[in-house]
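Notes to accompany the following structure.
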Amino acid sequence: MGHCLPEHDGKCYRPHGHRYAVEATVSGPLAVGGSSDGMVLDFGRLAEGLARVLDPFDHRFVMARHDPRMQGALALFGPDGVLLIGGVPTAENLAEMWARELSIILVLQVESVTVYETPNCWATWRAT
Ligand SMILES: [Zn+2]
């Protein structure tokens with residue numbers, strides 16, 4: 001996914017991309033009976049939920065809706081190549097946004113979402 005930070009005074013202002021990795025933790029009661037017996041959440045359902053949240057971002061350029069370069073990016077990449085979001089696409093904001101969306105999809109408490117831009121640069125959102 002590509003992104004840029006409109007107010008950043010360093011190199012993150014410029015368009016660039018990352019090979020993001022995302023970790024999520026959830027909590028809830030253990031299921032009793034059925035195919036999920038003894039599980040809080042089947043890992044397959046978690047993977048499906050994460051895919052629903054993250055797939056729209058895959059191989060797209062993500063920008064803040066208020067970024068003045070937005071029209072140029074739309075003209076360059078087309079409407080399918082750019083994804084506009086309400087805030088600045090930092091790892092922190094993405095983690096919070098994805099945690100809220102994942103919680104709605106899974107109908108479970110999402111305890112944390114960690115977004116890695118690189119193996120050494122990440123942000124974690126935690127439920128309070
Ligand atoms: Zn970046």
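Identifiers in this document derive from the order of the structure tokens: chains are assigned A, B, ..., residues are numbered from 1 separately in each chain, and ligands are numbered from 1 in order of occurrence.
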
At a cut-off of 10 Å, can you tabulate as a tab-separated table every residue of chain A near ligand 1 together with its closest atom pair and the distance in Å to one decimal, using only C-alpha atoms and all ligand atoms and ordering rows by chain then number?
```
residue	atom	partner	partner_atom_place_in_ligand_line	distance
A:Met1	CA	ligand 1	1 (Zn)	9.2
A:Gly2	CA	ligand 1	1 (Zn)	7.5
A:His3	CA	ligand 1	1 (Zn)	6.1
A:Cys4	CA	ligand 1	1 (Zn)	6.4
A:Leu5	CA	ligand 1	1 (Zn)	7.7
A:Lys11	CA	ligand 1	1 (Zn)	8.7
A:Cys12	CA	ligand 1	1 (Zn)	5.6
A:Tyr13	CA	ligand 1	1 (Zn)	8.6
A:Arg14	CA	ligand 1	1 (Zn)	8.8
A:Pro15	CA	ligand 1	1 (Zn)	8.1
A:His16	CA	ligand 1	1 (Zn)	6.2
A:Gly17	CA	ligand 1	1 (Zn)	6.0
A:His18	CA	ligand 1	1 (Zn)	6.3
A:Arg19	CA	ligand 1	1 (Zn)	9.7
A:Tyr20	CA	ligand 1	1 (Zn)	9.5
A:Pro89	CA	ligand 1	1 (Zn)	8.3
A:Thr90	CA	ligand 1	1 (Zn)	7.2
A:Ala91	CA	ligand 1	1 (Zn)	8.0
A:Glu117	CA	ligand 1	1 (Zn)	6.6
A:Thr118	CA	ligand 1	1 (Zn)	8.9
A:Cys121	CA	ligand 1	1 (Zn)	9.5
```

For Val53 of chain A, work out the shell of residues within 10 Å, counting only C-alpha atoms and skipping chain neighbours fewer than 6 positions away, then give it as JSON, numbers by chain.
-> {"A": [47, 97, 98, 99, 100, 101, 102, 105]}

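Residues in contact with Gln109 of chain A at up to 12 Å, not including ones fewer than 4 positions away on its chain and judged by only C-alpha atoms, are A:Ala24, A:Thr25, A:Val26, A:Ser27, A:Gly28, A:Pro29, A:Val40, A:Leu41, A:Ala99, A:Arg100, A:Glu101, A:Leu102, A:Ser103, A:Ile104, A:Ile105, A:Val113, A:Arg126, A:Ala127, A:Thr128.
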
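Of the residues under consideration (A:Glu7, A:Asn93, A:Arg45, A:Leu76), A:Arg45 shows the shortest atom-to-atom contact distance to Val107 of chain A when counting only C-alpha atoms.
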
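Of the residues listed (A:Leu54, A:Met63, A:Ala95, A:Ile85), A:Ala95 shows the shortest atom-to-atom separation from Trp125 of chain A; distances use only C-alpha atoms.
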